[in-house]
Structures are given as structure tokens and as C-alpha cells.
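> Hey, dropping target22.cif in here, mmCIF, C-alpha atoms:
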data_coords
loop_
_atom_site.group_PDB
_atom_site.id
_atom_site.type_symbol
_atom_site.label_atom_id
_atom_site.label_comp_id
_atom_site.auth_asym_id
_atom_site.auth_seq_id
_atom_site.Cartn_x
_atom_site.Cartn_y
_atom_site.Cartn_z
ATOM 1 C CA MET A 1 11.057 7.403 25.439
ATOM 2 C CA ASP A 2 7.999 8.529 27.400
ATOM 3 C CA LYS A 3 8.025 7.982 31.152
ATOM 4 C CA ILE A 4 5.159 5.500 31.189
ATOM 5 C CA ILE A 5 6.755 2.115 31.910
ATOM 6 C CA LYS A 6 6.075 0.918 35.448
ATOM 7 C CA CYS A 7 8.618 -0.830 37.638
ATOM 8 C CA PRO A 8 7.418 -4.409 38.197
ATOM 9 C CA VAL A 9 9.027 -4.477 41.631
ATOM 10 C CA CYS A 10 7.736 -1.293 43.291
ATOM 11 C CA ASN A 11 5.273 0.113 40.692
ATOM 12 C CA GLU A 12 7.156 3.416 40.422
ATOM 13 C CA VAL A 13 7.565 5.055 37.016
ATOM 14 C CA MET A 14 10.813 4.218 35.254
ATOM 15 C CA SER A 15 13.168 6.484 33.318
ATOM 16 C CA GLU A 16 15.548 5.583 30.533
ATOM 17 C CA LYS A 17 19.226 6.275 31.160
ATOM 18 C CA GLU A 18 21.643 5.126 28.495
ATOM 19 C CA ASN A 19 20.778 1.415 28.089
ATOM 20 C CA LEU A 20 18.865 1.036 31.326
ATOM 21 C CA LEU A 21 15.388 1.520 32.709
ATOM 22 C CA LEU A 22 15.629 2.867 36.267
ATOM 23 C CA CYS A 23 13.117 3.733 38.972
ATOM 24 C CA VAL A 24 13.601 5.948 42.036
ATOM 25 C CA ASN A 25 14.252 2.844 44.146
ATOM 26 C CA ASN A 26 17.171 1.859 41.886
ATOM 27 C CA HIS A 27 15.513 -1.173 40.361
ATOM 28 C CA SER A 28 16.986 -1.480 36.885
ATOM 29 C CA PHE A 29 16.395 -3.410 33.664
ATOM 30 C CA ASP A 30 18.823 -3.685 30.757
ATOM 31 C CA ARG A 31 17.952 -2.735 27.231
ATOM 32 C CA ALA A 32 18.370 -5.735 24.931
ATOM 33 C CA LYS A 33 20.556 -5.346 21.856
ATOM 34 C CA GLN A 34 17.414 -5.501 19.701
ATOM 35 C CA GLY A 35 16.074 -2.439 21.579
ATOM 36 C CA TYR A 36 13.364 -3.895 23.793
ATOM 37 C CA TYR A 37 13.064 -4.089 27.574
ATOM 38 C CA ASN A 38 12.101 -7.210 29.487
ATOM 39 C CA VAL A 39 10.280 -6.142 32.656
ATOM 40 C CA LEU A 40 8.511 -9.443 33.181
ATOM 41 C CA ILE A 41 9.324 -10.971 36.547
ATOM 42 C CA THR A 42 7.871 -14.088 38.157
ATOM 43 C CA ASN A 43 7.112 -15.022 41.735
ATOM 44 C CA SER A 44 9.377 -18.044 41.709
ATOM 45 C CA SER A 45 12.133 -19.584 39.635
ATOM 46 C CA SER A 46 9.893 -22.523 38.843
ATOM 47 C CA GLU A 47 7.071 -20.393 37.435
ATOM 48 C CA LYS A 48 6.826 -20.859 33.696
ATOM 49 C CA ILE A 49 6.197 -17.980 31.320
ATOM 50 C CA LYS A 50 3.996 -18.979 28.412
ATOM 51 C CA GLY A 51 4.143 -17.458 24.986
ATOM 52 C CA ASP A 52 4.054 -18.367 21.324
ATOM 53 C CA SER A 53 6.654 -20.936 20.333
ATOM 54 C CA ALA A 54 9.341 -20.213 17.751
ATOM 55 C CA GLU A 55 7.457 -22.451 15.304
ATOM 56 C CA MET A 56 4.223 -20.495 15.790
ATOM 57 C CA LEU A 57 6.012 -17.179 15.361
ATOM 58 C CA LYS A 58 7.661 -18.354 12.153
ATOM 59 C CA ALA A 59 4.314 -19.506 10.786
ATOM 60 C CA ARG A 60 2.756 -16.156 11.601
ATOM 61 C CA GLN A 61 5.563 -14.256 9.887
ATOM 62 C CA LYS A 62 5.202 -16.332 6.713
ATOM 63 C CA LEU A 63 1.443 -15.898 6.608
ATOM 64 C CA PHE A 64 1.664 -12.140 7.134
ATOM 65 C CA SER A 65 4.413 -11.788 4.508
ATOM 66 C CA ASN A 66 2.017 -13.225 1.917
ATOM 67 C CA GLY A 67 -0.467 -10.435 2.565
ATOM 68 C CA TYR A 68 -3.455 -12.504 3.698
ATOM 69 C CA TYR A 69 -4.205 -10.124 6.570
ATOM 70 C CA GLU A 70 -3.401 -6.815 4.872
ATOM 71 C CA VAL A 71 -7.086 -5.919 4.602
ATOM 72 C CA VAL A 72 -7.503 -6.404 8.362
ATOM 73 C CA SER A 73 -4.412 -4.290 8.984
ATOM 74 C CA ASP A 74 -5.656 -1.531 6.673
ATOM 75 C CA GLU A 75 -9.027 -1.439 8.412
ATOM 76 C CA ILE A 76 -7.318 -1.175 11.807
ATOM 77 C CA ASN A 77 -5.259 1.732 10.474
ATOM 78 C CA ASN A 78 -8.384 3.441 9.111
ATOM 79 C CA THR A 79 -10.092 3.035 12.482
ATOM 80 C CA VAL A 80 -7.138 4.484 14.388
ATOM 81 C CA ARG A 81 -7.076 7.421 11.975
ATOM 82 C CA ASN A 82 -10.509 8.480 13.245
ATOM 83 C CA TYR A 83 -9.154 8.997 16.767
ATOM 84 C CA ILE A 84 -5.478 9.818 16.488
ATOM 85 C CA LYS A 85 -4.054 13.280 17.070
ATOM 86 C CA GLU A 86 -0.546 14.679 17.490
ATOM 87 C CA HIS A 87 1.618 13.507 20.383
ATOM 88 C CA MET A 88 -0.501 10.547 21.439
ATOM 89 C CA ILE A 89 0.701 7.291 22.959
ATOM 90 C CA ILE A 90 -0.495 4.164 21.153
ATOM 91 C CA LEU A 91 -0.162 0.697 22.701
ATOM 92 C CA ASP A 92 -0.683 -2.710 21.084
ATOM 93 C CA ILE A 93 -1.340 -5.336 23.754
ATOM 94 C CA GLY A 94 -0.311 -8.812 22.619
ATOM 95 C CA SER A 95 1.727 -7.341 19.767
ATOM 96 C CA GLY A 96 3.008 -10.726 18.528
ATOM 97 C CA VAL A 97 5.552 -10.351 15.723
ATOM 98 C CA GLY A 98 4.740 -6.651 15.324
ATOM 99 C CA TYR A 99 2.914 -6.910 12.003
ATOM 100 C CA TYR A 100 -0.091 -4.722 12.791
ATOM 101 C CA LEU A 101 1.778 -2.117 14.834
ATOM 102 C CA ASP A 102 4.516 -1.782 12.223
ATOM 103 C CA ARG A 103 2.015 -1.156 9.439
ATOM 104 C CA LEU A 104 0.097 1.260 11.676
ATOM 105 C CA GLU A 105 3.172 3.316 12.523
ATOM 106 C CA ASN A 106 4.192 3.445 8.870
ATOM 107 C CA SER A 107 0.705 4.541 7.795
ATOM 108 C CA GLN A 108 0.474 7.577 10.075
ATOM 109 C CA THR A 109 1.845 11.056 9.390
ATOM 110 C CA SER A 110 1.261 12.570 12.850
ATOM 111 C CA LYS A 111 4.001 12.527 15.488
ATOM 112 C CA ASN A 112 3.134 9.934 18.117
ATOM 113 C CA SER A 113 4.735 7.331 20.367
ATOM 114 C CA TYR A 114 4.153 3.642 19.688
ATOM 115 C CA TYR A 115 4.532 0.786 22.175
ATOM 116 C CA GLY A 116 3.980 -2.941 21.954
ATOM 117 C CA VAL A 117 3.809 -5.485 24.767
ATOM 118 C CA ASP A 118 3.841 -9.263 24.523
ATOM 119 C CA ILE A 119 4.624 -12.152 26.836
ATOM 120 C CA SER A 120 6.741 -13.854 24.160
ATOM 121 C CA LYS A 121 10.334 -12.627 24.276
ATOM 122 C CA ASP A 122 10.995 -14.250 20.901
ATOM 123 C CA GLY A 123 8.057 -12.354 19.426
ATOM 124 C CA VAL A 124 9.297 -9.078 20.903
ATOM 125 C CA LYS A 125 12.757 -9.708 19.450
ATOM 126 C CA ILE A 126 11.239 -10.092 15.991
ATOM 127 C CA SER A 127 9.107 -6.975 16.434
ATOM 128 C CA SER A 128 12.010 -4.856 17.635
ATOM 129 C CA LYS A 129 14.081 -5.722 14.578
ATOM 130 C CA LEU A 130 11.164 -4.901 12.285
ATOM 131 C CA ASN A 131 10.634 -1.285 13.357
ATOM 132 C CA LYS A 132 13.035 0.775 15.451
ATOM 133 C CA ASN A 133 10.464 3.580 15.844
ATOM 134 C CA ILE A 134 8.396 1.375 18.150
ATOM 135 C CA GLN A 135 9.324 0.592 21.745
ATOM 136 C CA TYR A 136 8.594 -3.018 22.646
ATOM 137 C CA VAL A 137 8.343 -4.453 26.137
ATOM 138 C CA VAL A 138 8.133 -8.052 27.342
ATOM 139 C CA GLY A 139 5.182 -8.170 29.728
ATOM 140 C CA THR A 140 1.680 -9.546 30.239
ATOM 141 C CA ASN A 141 -1.812 -8.289 29.448
ATOM 142 C CA ASN A 142 -3.096 -9.172 32.915
ATOM 143 C CA LYS A 143 -0.480 -6.935 34.511
ATOM 144 C CA LEU A 144 0.413 -4.310 31.950
ATOM 145 C CA PRO A 145 3.825 -2.718 32.615
ATOM 146 C CA PHE A 146 2.532 0.832 32.193
ATOM 147 C CA ILE A 147 1.522 3.502 34.691
ATOM 148 C CA ASP A 148 -2.080 4.580 35.302
ATOM 149 C CA ASN A 149 -3.805 6.866 32.777
ATOM 150 C CA SER A 150 -0.910 6.814 30.319
ATOM 151 C CA ILE A 151 -2.310 5.458 27.033
ATOM 152 C CA ASP A 152 -4.370 7.373 24.455
ATOM 153 C CA ILE A 153 -5.158 4.505 22.079
ATOM 154 C CA MET A 154 -4.977 0.838 23.046
ATOM 155 C CA ILE A 155 -5.273 -1.904 20.441
ATOM 156 C CA SER A 156 -5.949 -5.611 20.945
ATOM 157 C CA VAL A 157 -5.850 -7.882 17.891
ATOM 158 C CA PHE A 158 -7.021 -11.415 18.809
ATOM 159 C CA SER A 159 -5.378 -10.921 22.193
ATOM 160 C CA PRO A 160 -6.652 -11.570 25.750
ATOM 161 C CA ILE A 161 -8.233 -8.523 27.387
ATOM 162 C CA TYR A 162 -8.258 -7.844 31.112
ATOM 163 C CA LEU A 163 -10.760 -5.065 31.598
ATOM 164 C CA GLU A 164 -9.507 -3.663 34.890
ATOM 165 C CA GLU A 165 -5.972 -3.390 33.542
ATOM 166 C CA CYS A 166 -7.124 -1.745 30.328
ATOM 167 C CA LYS A 167 -9.192 0.723 32.320
ATOM 168 C CA ARG A 168 -6.267 1.457 34.619
ATOM 169 C CA VAL A 169 -3.746 2.377 31.932
ATOM 170 C CA LEU A 170 -6.121 4.101 29.511
ATOM 171 C CA LYS A 171 -6.551 7.863 29.732
ATOM 172 C CA ASN A 172 -10.029 9.128 30.600
ATOM 173 C CA ASP A 173 -10.622 10.241 27.017
ATOM 174 C CA GLY A 174 -8.725 7.320 25.471
ATOM 175 C CA VAL A 175 -10.084 4.572 23.228
ATOM 176 C CA LEU A 176 -9.735 0.800 23.233
ATOM 177 C CA ILE A 177 -9.840 -0.829 19.786
ATOM 178 C CA VAL A 178 -10.635 -4.542 19.884
ATOM 179 C CA VAL A 179 -10.303 -6.878 16.899
ATOM 180 C CA HIS A 180 -11.960 -10.264 17.328
ATOM 181 C CA PRO A 181 -13.348 -13.084 15.144
ATOM 182 C CA ASN A 182 -16.941 -13.425 14.007
ATOM 183 C CA GLN A 183 -18.719 -16.781 13.770
ATOM 184 C CA ASN A 184 -17.592 -17.527 10.230
ATOM 185 C CA HIS A 185 -13.942 -16.584 10.631
ATOM 186 C CA LEU A 186 -11.881 -19.385 9.044
ATOM 187 C CA ILE A 187 -15.074 -21.443 8.847
ATOM 188 C CA GLN A 188 -13.835 -23.512 5.872
ATOM 189 C CA MET A 189 -10.756 -24.597 7.812
ATOM 190 C CA LYS A 190 -12.875 -25.485 10.835
ATOM 191 C CA LYS A 191 -15.120 -27.673 8.675
ATOM 192 C CA VAL A 192 -12.084 -29.657 7.568
ATOM 193 C CA ILE A 193 -10.418 -30.187 10.943
ATOM 194 C CA TYR A 194 -13.528 -30.739 13.090
ATOM 195 C CA ASP A 195 -16.248 -33.356 12.762
ATOM 196 C CA ASP A 196 -18.748 -31.029 14.444
ATOM 197 C CA ILE A 197 -18.683 -27.262 14.733
ATOM 198 C CA ILE A 198 -20.421 -25.360 17.503
ATOM 199 C CA LEU A 199 -20.889 -21.741 16.479
ATOM 200 C CA LYS A 200 -20.300 -19.356 19.359
ATOM 201 C CA GLU A 201 -22.633 -16.472 20.126
ATOM 202 C CA GLU A 202 -21.827 -13.332 18.152
ATOM 203 C CA ASN A 203 -21.941 -11.194 21.300
ATOM 204 C CA ARG A 204 -19.459 -13.336 23.222
ATOM 205 C CA ASN A 205 -16.708 -10.761 22.788
ATOM 206 C CA GLU A 206 -18.661 -7.707 23.910
ATOM 207 C CA LEU A 207 -16.977 -5.951 26.830
ATOM 208 C CA ASP A 208 -18.698 -5.432 30.157
ATOM 209 C CA PRO A 209 -20.555 -2.068 29.950
ATOM 210 C CA LYS A 210 -19.627 -1.219 33.537
ATOM 211 C CA PHE A 211 -16.056 -0.803 32.255
ATOM 212 C CA PHE A 212 -16.402 0.251 28.618
ATOM 213 C CA SER A 213 -19.055 1.675 26.297
ATOM 214 C CA ILE A 214 -18.979 0.871 22.599
ATOM 215 C CA VAL A 215 -18.819 3.864 20.259
ATOM 216 C CA GLU A 216 -18.155 2.230 16.881
ATOM 217 C CA SER A 217 -18.319 -1.237 15.363
ATOM 218 C CA LYS A 218 -17.650 -2.598 11.900
ATOM 219 C CA ASP A 219 -17.329 -5.992 10.249
ATOM 220 C CA VAL A 220 -14.507 -6.888 7.882
ATOM 221 C CA LYS A 221 -15.196 -9.851 5.587
ATOM 222 C CA TYR A 222 -13.298 -11.209 2.582
ATOM 223 C CA ASP A 223 -12.045 -14.489 1.161
ATOM 224 C CA VAL A 224 -8.461 -15.541 0.450
ATOM 225 C CA GLU A 225 -7.026 -18.478 -1.477
ATOM 226 C CA ILE A 226 -4.348 -20.175 0.601
ATOM 227 C CA ASP A 227 -1.816 -22.657 -0.780
ATOM 228 C CA ASN A 228 -0.736 -25.850 0.975
ATOM 229 C CA GLU A 229 2.280 -24.398 2.782
ATOM 230 C CA ASN A 230 0.317 -21.492 4.168
ATOM 231 C CA ILE A 231 -2.619 -23.707 5.150
ATOM 232 C CA LYS A 232 -0.219 -25.237 7.662
ATOM 233 C CA ASN A 233 0.972 -21.787 8.761
ATOM 234 C CA LEU A 234 -2.604 -20.599 9.209
ATOM 235 C CA LEU A 235 -3.497 -23.507 11.472
ATOM 236 C CA MET A 236 -0.265 -23.085 13.422
ATOM 237 C CA MET A 237 -1.046 -19.472 14.320
ATOM 238 C CA THR A 238 -4.533 -20.223 15.660
ATOM 239 C CA PRO A 239 -5.807 -21.970 18.822
ATOM 240 C CA HIS A 240 -7.268 -24.633 16.509
ATOM 241 C CA PHE A 241 -3.808 -26.145 16.179
ATOM 242 C CA TRP A 242 -4.097 -27.290 19.792
ATOM 243 C CA THR A 243 -7.773 -28.268 19.774
ATOM 244 C CA SER A 244 -7.887 -30.217 16.499
ATOM 245 C CA THR A 245 -7.141 -33.929 16.283
ATOM 246 C CA LEU A 246 -4.314 -35.564 14.363
ATOM 247 C CA LYS A 247 -6.832 -36.844 11.802
ATOM 248 C CA GLY A 248 -8.233 -33.349 11.420
ATOM 249 C CA LYS A 249 -4.766 -31.940 10.803
ATOM 250 C CA GLU A 250 -4.016 -34.660 8.271
ATOM 251 C CA ARG A 251 -7.209 -33.845 6.338
ATOM 252 C CA LEU A 252 -6.234 -30.188 6.238
ATOM 253 C CA TYR A 253 -2.601 -30.788 5.299
ATOM 254 C CA SER A 254 -3.643 -33.018 2.379
ATOM 255 C CA LEU A 255 -5.331 -30.087 0.614
ATOM 256 C CA LYS A 256 -3.461 -28.361 -2.199
ATOM 257 C CA GLU A 257 -5.303 -25.119 -1.529
ATOM 258 C CA LEU A 258 -8.200 -23.777 0.502
ATOM 259 C CA ASN A 259 -10.497 -20.793 0.073
ATOM 260 C CA VAL A 260 -10.887 -19.276 3.542
ATOM 261 C CA SER A 261 -13.152 -16.532 4.865
ATOM 262 C CA ILE A 262 -11.590 -13.813 6.965
ATOM 263 C CA ASP A 263 -14.514 -12.582 9.057
ATOM 264 C CA ILE A 264 -13.679 -10.251 11.927
ATOM 265 C CA LYS A 265 -15.165 -7.364 13.868
ATOM 266 C CA ILE A 266 -13.460 -4.147 14.925
ATOM 267 C CA ASP A 267 -15.034 -2.542 18.003
ATOM 268 C CA VAL A 268 -14.072 0.823 19.479
ATOM 269 C CA TYR A 269 -14.725 1.471 23.173
ATOM 270 C CA LYS A 270 -14.410 4.381 25.554
ATOM 271 C CA LEU A 271 -14.425 4.267 29.336
ATOM 272 C CA SER A 272 -17.919 4.068 30.824
#
Go ahead and render the structure in this file as C-alpha cells.

Amino acid sequence: MDKIIKCPVCNEVMSEKENLLLCVNNHSFDRAKQGYYNVLITNSSSEKIKGDSAEMLKARQKLFSNGYYEVVSDEINNTVRNYIKEHMIILDIGSGVGYYLDRLENSQTSKNSYYGVDISKDGVKISSKLNKNIQYVVGTNNKLPFIDNSIDIMISVFSPIYLEECKRVLKNDGVLIVVHPNQNHLIQMKKVIYDDIILKEENRNELDPKFFSIVESKDVKYDVEIDNENIKNLLMMTPHFWTSTLKGKERLYSLKELNVSIDIKIDVYKLS
């Protein structure tokens, strides 16, 4: 494993020794039996760590296993292929159940190191079982557990982005690949669960140019036919599950099938 994971206690770089991560100040973290490291610490015992629930993770796995997001995954892989070289370090922030990173690692022929970080320990457990060639870490996007200037390619798929942290860990010539929804993403589902829809500005996800400059952008649009079981899974894996009403959910769940638009944008940034 590369020496890029940062000690959450003293911020020193950590080294792997047998089944431990150790820093020079003897702070240590055990390797879980699934292969990941949990370096997420809190300020108090009462502080709660949020992450996707087991139910949400299960829904996401089922939806991915049916191939509805394969086109998105393939386009991410094609984008990475434009920038990847030998012996790079690739990081997926908010790696979830590991779907995109697993398919990326399996699609590449060059020798590189792959890392995923997510706040959900249950999600990291699933990811670690899926692909043993990827090192997963339990951590947060707002305090990435990696040392400065250590990442060549950083990927965020529908995940929160903290610009200063991304800038800190990214190498000077590195790239940040951001996948985010366009206005019409899942629009048919939104029309069912909401009485009124307010379309957000298309540029709402553009990153602050004082941190990052955009070098490439492309839209990915296609429709999928989703059956009743996976309609429920789709809603469960989105923020709309929490913002929709009970009546809205009931309207959606009563449908036998639903044609849904996948409408996303893939932006590539470099440091400004």
C-alpha cells in the first residue's frame, strides 16, 4: 500500500505493518477482516457519524446489479482513460458500495493504485468484499484521510465536494472528475412524487474557479425502463426518499413500471 493515508490524530503519514496502520507517533489502526481501515475518529463519544443505512445500501446494490447505471460507469471509465498513466493513484471520494470504482479498476490495463473513502462503514465493508485490489478507508470528504499532494485522479460521483480538501490532496498536475445530475435527471420519478417541481439552475454544480478550472465537460443522457421493485430501490438511493411525502411515495410504489431519464454531467477539473 502507498504511504498516503494520514493519521487522524497527529496528521503524520501512516505505514502499513502486518495488519496495522502506524504513524511515527505510534498511533495505530487495525485492518478489518474485510481489508479496509477505519481512521474516522470523532471529537466526543456522543458525536454521531452519519452514513447510508443498511436499507439504502441494499437498494443501491440491487439497482446497480440490474445494470441501470452501466452507461454512466462506462462513461466515467472512458473519461479516466484520457488522463490515466502508469503508477498513478486514483481516489473515489464517497465510494458507496464500490460499484463505480470496481468497474473502473477492472476496465484499466495500466498498473495503478486505487483507493475509496466513505463515511459509511457498512458501505466500505461491501466495497472491500467486492474488489480486493482496491484499498478502502472509512473517512469523510470534509476531512480526507490522505496526505497533501498525494492523488493523481480524484473522482466524485454524486458525492459532496469540499474544495479546499480536494485541492489539498490533489497533485499539482492531477485531475478532479465530478459526476453530477442535470435538471432532467430522474425527472419522471420527480413528477410522480412531487406536486410541484422547481428545476435548479444548470450551473449550480460548477466549482469555484479560484480553486479549479474546468478542462472537459460532457453530458450523458439515456432512458431506462424500471420495474416496480427497482422503482422502490431507485427512490431509496436518492435524497428524494427523504424529501418526498408519504402520498408521493405511495403514488410511485403503485406503478408497475416507470421509464426514467438518466441525465448527468461529467466535468473534469484541474487546479487553478
> Expand the PyMOL selection byres ((chain A and resi 267-271) around 8) into the explicit residue set it covers here, and present it as a PDB file with C-alpha atoms, in the coordinates of the input.

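Writing done, so here's result_14.pdb:
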ATOM      1  CA  LYS A 167      -9.192   0.723  32.320  1.00  0.00           C
ATOM      2  CA  ASN A 172     -10.029   9.128  30.600  1.00  0.00           C
ATOM      3  CA  ASP A 173     -10.622  10.241  27.017  1.00  0.00           C
ATOM      4  CA  GLY A 174      -8.725   7.320  25.471  1.00  0.00           C
ATOM      5  CA  VAL A 175     -10.084   4.572  23.228  1.00  0.00           C
ATOM      6  CA  LEU A 176      -9.735   0.800  23.233  1.00  0.00           C
ATOM      7  CA  ILE A 177      -9.840  -0.829  19.786  1.00  0.00           C
ATOM      8  CA  VAL A 178     -10.635  -4.542  19.884  1.00  0.00           C
ATOM      9  CA  VAL A 179     -10.303  -6.878  16.899  1.00  0.00           C
ATOM     10  CA  PHE A 211     -16.056  -0.803  32.255  1.00  0.00           C
ATOM     11  CA  PHE A 212     -16.402   0.251  28.618  1.00  0.00           C
ATOM     12  CA  SER A 213     -19.055   1.675  26.297  1.00  0.00           C
ATOM     13  CA  ILE A 214     -18.979   0.871  22.599  1.00  0.00           C
ATOM     14  CA  VAL A 215     -18.819   3.864  20.259  1.00  0.00           C
ATOM     15  CA  GLU A 216     -18.155   2.230  16.881  1.00  0.00           C
ATOM     16  CA  SER A 217     -18.319  -1.237  15.363  1.00  0.00           C
ATOM     17  CA  LYS A 218     -17.650  -2.598  11.900  1.00  0.00           C
ATOM     18  CA  LYS A 265     -15.165  -7.364  13.868  1.00  0.00           C
ATOM     19  CA  ILE A 266     -13.460  -4.147  14.925  1.00  0.00           C
ATOM     20  CA  SER A 272     -17.919   4.068  30.824  1.00  0.00           C
TER      21      SER A 272
END
> Residues at most 9 Å from Tyr100 in chain A, counting all atoms listed in the file, excluding those fewer than 5 positions away in the same chain, as a list in words?
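Non-adjacent residues within range: Glu70, Val72, Ser73, Asp74, Ile76, Asn77, Asp92, Ser95, Glu105 and Val157 of chain A.
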> If you count only C-alpha atoms, which residues fall within 10 Å of Leu255 in chain A, apart from same-chain ones fewer than 6 positions away, as a PyMOL selection string?
chain A and resi 192+226-229+231-232
> Against range 3-14 of chain A, which residues of range 68-148 of chain A fall within 7 Å? For each one I want the closest pair of atoms and the distance in Å (one decimal), counting only C-alpha atoms, rows by chain and increasing residue number, as CSV.

residue,atom,partner,partner_atom,distance
A:Pro145,CA,A:Lys6,CA,5.1
A:Phe146,CA,A:Ile5,CA,4.4
A:Ile147,CA,A:Lys6,CA,5.3
> Pick the closest to Asn142 in chain A from A:Pro239, A:Gly123, A:Gly96, A:Pro160: which is it, counting all atoms listed in the file?
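Closest to Asn142 in chain A of all the choices is A:Pro160.
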> Could you state which residues are captured by the PyMOL selection byres ((chain A and resi 127) around 8) in this file, as a list in words?
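On this input, the PyMOL selection byres ((chain A and resi 127) around 8) captures Gly96, Val97, Gly98, Tyr99, Gly123, Val124, Lys125, Ile126, Ser128, Lys129, Leu130, Asn131 and Tyr136 of chain A.
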